[in-house]
Amino acid sequence: MAEFENGGFRLHYIDEGDPEAPAVLLVHGFASSLKVNWVDPGWVKTLTDAGYRAIAFDHRGHGESDKPRAGAAYTPEAMASDVLALADRLDLRTAALFGYSMGARVSAFAARRYAERFPLLVFGGLGIGLVEGVGDWDPIAEALLAPSLEDVSHERGRMFRAFADRTRSDRLALAACIETSRKELTAEDVSRIVQPSLVGVGTKDDIAGSAQALADLLPNGEAFDIPNRDHMLAVGDRLFKAKVLEFLDGHRALIER
């Protein structure tokens with residue numbers, strides 16, 4: 001198992017493909033893992049087959065990484081520092097950042113703070129919700145802490161509780177993550193993310209918010225509506241994969257080693 005350390009936590013990662021190829025650093029979503037978000041839906045294979053180096057890690061609180069149960073561990077700034085720490089560990093001068101849902105939020109914070117290291121961005125599963133918020137997540141925290149799925153009546157809470165149970169997640173760590181990871185950026189903050197950015201959101205996604213509205217705030221933003229996909233299914237969509245590859249290929253020079 002490959003590991004790196006940051007902030008006192010041990011974090012699990014994978015590094016696939018040609019080590020000299022342009023790197024894409026994959027940042028997964030809430031209650032997911034590198035396996036569920038990137039390996040199982042075929043993203044690692046898609047990227048490496050297309051000539052990219054695919055790197056992914058399990059967030060703190062997720063997958064095979066350490067699972068603190070204090071909210072202070074999960075601010076977007078703290079989680080963005082994990083992204084940089086992995087890039088440093090692998091001596092990546094530059095890499096594309098591709099985040100999904102919570103991972104897109106973390107990627108946005110990383111992109112603002114470490115712009116020279118991450119000159120190309122893909123935000124999946126998060127549109128204008130990056131600025132306006134993604135609704136009330138307190139019922140989701142309550143669902144995670146409930147004795148069982150049968151005790152949860154809130155629709156979105158049931159969805160995330162079932163997902164957490166399926167991925168065998170540490171529900172106390174996830175509940176702590178909800179406390180502090182939802183911090184929004186302002187429209188002015190987003191306007192300072194100048195890197196070429198692709199925003200992909202499913203047309204049936206009722207969490208992320210509009211892809212076009214976020215792209216309009218980004219100086220070099222482009223929106224892509226993922227047809228007939230909700231928040232959970234959009235990530236592995238074949239049309240989304242084709243669009244991301246087209247976007248990466250069009251800006252490949254930015255991440256050439």
# chains A, B, ... in the order shown; residues from 1 in each chain; ligands from 1
>>> select_by_dssp(residues="range 89-222 of chain A", states="helix (DSSP H, G or I)", output="PyMOL selection string")
chain A and resi 89+102-113+129-132+138-145+149-151+155-166+171-180+187-191+211-217
>>> write_last_selection(atoms="C-alpha atoms", output="short mmCIF file (atom, residue, chain, number, x, y, z; two decimals), in the first residue's frame")
data_model
loop_
_atom_site.label_atom_id
_atom_site.label_comp_id
_atom_site.auth_asym_id
_atom_site.auth_seq_id
_atom_site.Cartn_x
_atom_site.Cartn_y
_atom_site.Cartn_z
CA ARG A 89 5.77 13.53 -2.42
CA MET A 102 -16.50 17.47 -2.31
CA GLY A 103 -13.29 16.72 -4.19
CA ALA A 104 -14.13 19.52 -6.61
CA ARG A 105 -14.51 21.90 -3.67
CA VAL A 106 -11.14 20.78 -2.26
CA SER A 107 -9.62 21.16 -5.73
CA ALA A 108 -10.94 24.72 -6.01
CA PHE A 109 -9.28 25.66 -2.74
CA ALA A 110 -6.05 24.00 -3.88
CA ALA A 111 -6.25 25.71 -7.27
CA ARG A 112 -6.51 29.13 -5.67
CA ARG A 113 -3.65 28.63 -3.24
CA GLY A 129 -23.02 25.11 -5.35
CA LEU A 130 -19.34 25.92 -4.85
CA VAL A 131 -20.49 29.50 -4.22
CA GLU A 132 -24.14 29.21 -3.20
CA ASP A 138 -27.45 18.51 8.75
CA PRO A 139 -29.97 15.75 7.92
CA ILE A 140 -27.15 13.85 6.21
CA ALA A 141 -25.03 14.07 9.35
CA GLU A 142 -28.02 12.87 11.34
CA ALA A 143 -28.52 10.00 8.90
CA LEU A 144 -24.90 8.95 9.28
CA LEU A 145 -25.26 8.87 13.05
CA LEU A 149 -30.77 3.01 7.51
CA GLU A 150 -34.30 2.05 8.57
CA ASP A 151 -34.19 4.90 11.09
CA GLU A 155 -34.45 11.29 1.20
CA ARG A 156 -30.98 12.71 0.69
CA GLY A 157 -29.94 11.43 4.11
CA ARG A 158 -31.00 7.92 3.11
CA MET A 159 -29.04 8.19 -0.13
CA PHE A 160 -25.79 9.11 1.59
CA ARG A 161 -26.31 6.71 4.49
CA ALA A 162 -26.86 3.85 2.06
CA PHE A 163 -23.77 4.92 0.11
CA ALA A 164 -21.69 5.10 3.30
CA ASP A 165 -22.90 1.67 4.36
CA ARG A 166 -22.11 0.24 0.94
CA ARG A 171 -19.72 7.12 9.76
CA LEU A 172 -18.44 9.14 12.74
CA ALA A 173 -15.53 10.43 10.67
CA LEU A 174 -17.91 11.34 7.84
CA ALA A 175 -20.22 13.18 10.21
CA ALA A 176 -17.22 15.18 11.45
CA CYS A 177 -16.25 15.89 7.84
CA ILE A 178 -19.68 17.41 7.17
CA GLU A 179 -19.17 19.91 10.00
CA THR A 180 -16.38 21.86 8.31
CA ALA A 187 -17.90 34.77 -6.50
CA GLU A 188 -14.83 37.01 -6.24
CA ASP A 189 -12.73 34.07 -5.04
CA VAL A 190 -13.87 32.02 -8.05
CA SER A 191 -13.12 34.88 -10.44
CA ALA A 211 -22.43 24.00 -14.29
CA GLN A 212 -22.90 27.00 -16.57
CA ALA A 213 -23.36 29.44 -13.70
CA LEU A 214 -20.04 28.38 -12.18
CA ALA A 215 -18.29 28.37 -15.56
CA ASP A 216 -19.52 31.93 -16.12
CA LEU A 217 -17.68 33.05 -12.98
#
>>> residues_around(residues="Glu20 in chain A", least_positions_apart="4", cutoff="12 Å", atoms="only C-alpha atoms", output="PyMOL selection string")
chain A and resi 15-16+24+48+51-54+90-95+255-257
>>> write_last_selection(atoms="C-alpha atoms", output="mmCIF file, in the first residue's frame")
data_model
loop_
_atom_site.group_PDB
_atom_site.id
_atom_site.type_symbol
_atom_site.label_atom_id
_atom_site.label_comp_id
_atom_site.auth_asym_id
_atom_site.auth_seq_id
_atom_site.Cartn_x
_atom_site.Cartn_y
_atom_site.Cartn_z
ATOM 1 C CA ASP A 15 0.062 6.174 -8.967
ATOM 2 C CA GLU A 16 -0.672 4.524 -12.321
ATOM 3 C CA VAL A 24 -3.855 14.048 -13.530
ATOM 4 C CA THR A 48 -3.705 5.848 -18.541
ATOM 5 C CA GLY A 51 -1.411 8.573 -22.227
ATOM 6 C CA TYR A 52 -1.828 10.277 -18.856
ATOM 7 C CA ARG A 53 -0.425 9.421 -15.434
ATOM 8 C CA ALA A 54 -3.363 8.871 -13.060
ATOM 9 C CA LEU A 90 5.715 12.550 -6.105
ATOM 10 C CA ASP A 91 7.799 15.554 -7.194
ATOM 11 C CA LEU A 92 5.108 16.815 -9.544
ATOM 12 C CA ARG A 93 6.047 20.198 -10.926
ATOM 13 C CA THR A 94 2.589 20.511 -12.471
ATOM 14 C CA ALA A 95 -0.549 18.374 -12.643
ATOM 15 C CA ILE A 255 0.949 19.760 -17.715
ATOM 16 C CA GLU A 256 3.723 18.282 -19.862
ATOM 17 C CA ARG A 257 6.718 17.338 -17.709
#
>>> closest_atom_pairs(of="range 23-73 of chain A", to="range 218-240 of chain A", cutoff="8 Å", atoms="only C-alpha atoms", output="JSON lines")
{"residue": "A:Asn37", "atom": "CA", "partner": "A:Val235", "partner_atom": "CA", "distance": 7.3}
{"residue": "A:Pro41", "atom": "CA", "partner": "A:Gly236", "partner_atom": "CA", "distance": 5.0}
{"residue": "A:Gly42", "atom": "CA", "partner": "A:Gly236", "partner_atom": "CA", "distance": 7.1}
{"residue": "A:Trp43", "atom": "CA", "partner": "A:Gly236", "partner_atom": "CA", "distance": 7.3}
>>> write_last_selection(atoms="all heavy atoms", output="PDB file, in the first residue's frame")
ATOM      1  N   ASN A  37     -14.642   6.018  -6.575  1.00  0.00           N
ATOM      2  CA  ASN A  37     -14.806   7.177  -7.447  1.00  0.00           C
ATOM      3  C   ASN A  37     -14.016   7.079  -8.748  1.00  0.00           C
ATOM      4  O   ASN A  37     -14.466   7.554  -9.796  1.00  0.00           O
ATOM      5  CB  ASN A  37     -14.363   8.439  -6.693  1.00  0.00           C
ATOM      6  CG  ASN A  37     -15.251   9.641  -6.907  1.00  0.00           C
ATOM      7  OD1 ASN A  37     -15.343  10.494  -6.030  1.00  0.00           O
ATOM      8  ND2 ASN A  37     -15.902   9.749  -8.048  1.00  0.00           N
ATOM      9  N   PRO A  41     -15.222   3.059 -11.656  1.00  0.00           N
ATOM     10  CA  PRO A  41     -15.895   3.620 -12.828  1.00  0.00           C
ATOM     11  C   PRO A  41     -15.016   3.694 -14.084  1.00  0.00           C
ATOM     12  O   PRO A  41     -15.463   4.170 -15.129  1.00  0.00           O
ATOM     13  CB  PRO A  41     -16.297   5.037 -12.374  1.00  0.00           C
ATOM     14  CG  PRO A  41     -16.170   5.035 -10.902  1.00  0.00           C
ATOM     15  CD  PRO A  41     -15.069   4.061 -10.593  1.00  0.00           C
ATOM     16  N   GLY A  42     -13.752   3.250 -13.971  1.00  0.00           N
ATOM     17  CA  GLY A  42     -12.884   3.176 -15.139  1.00  0.00           C
ATOM     18  C   GLY A  42     -12.064   4.406 -15.448  1.00  0.00           C
ATOM     19  O   GLY A  42     -11.393   4.461 -16.488  1.00  0.00           O
ATOM     20  N   TRP A  43     -12.047   5.374 -14.538  1.00  0.00           N
ATOM     21  CA  TRP A  43     -11.301   6.598 -14.830  1.00  0.00           C
ATOM     22  C   TRP A  43      -9.790   6.366 -14.899  1.00  0.00           C
ATOM     23  O   TRP A  43      -9.109   6.935 -15.768  1.00  0.00           O
ATOM     24  CB  TRP A  43     -11.603   7.671 -13.787  1.00  0.00           C
ATOM     25  CG  TRP A  43     -12.764   8.534 -14.159  1.00  0.00           C
ATOM     26  CD1 TRP A  43     -13.990   8.568 -13.564  1.00  0.00           C
ATOM     27  CD2 TRP A  43     -12.808   9.490 -15.226  1.00  0.00           C
ATOM     28  NE1 TRP A  43     -14.794   9.474 -14.200  1.00  0.00           N
ATOM     29  CE2 TRP A  43     -14.090  10.060 -15.217  1.00  0.00           C
ATOM     30  CE3 TRP A  43     -11.891   9.910 -16.188  1.00  0.00           C
ATOM     31  CZ2 TRP A  43     -14.484  11.030 -16.134  1.00  0.00           C
ATOM     32  CZ3 TRP A  43     -12.274  10.881 -17.100  1.00  0.00           C
ATOM     33  CH2 TRP A  43     -13.555  11.431 -17.071  1.00  0.00           C
TER      34      TRP A  43
END
>>> residues_around(residues="Val244 in chain A", least_positions_apart="5", cutoff="9 Å", atoms="only C-alpha atoms", output="PyMOL selection string")
chain A and resi 122+198+200+239+249
>>> closest_residue(among="A:Ser32, A:Ile128, A:Asn6, A:Pro147", to="Asp88 in chain A", atoms="only C-alpha atoms")
A:Asn6
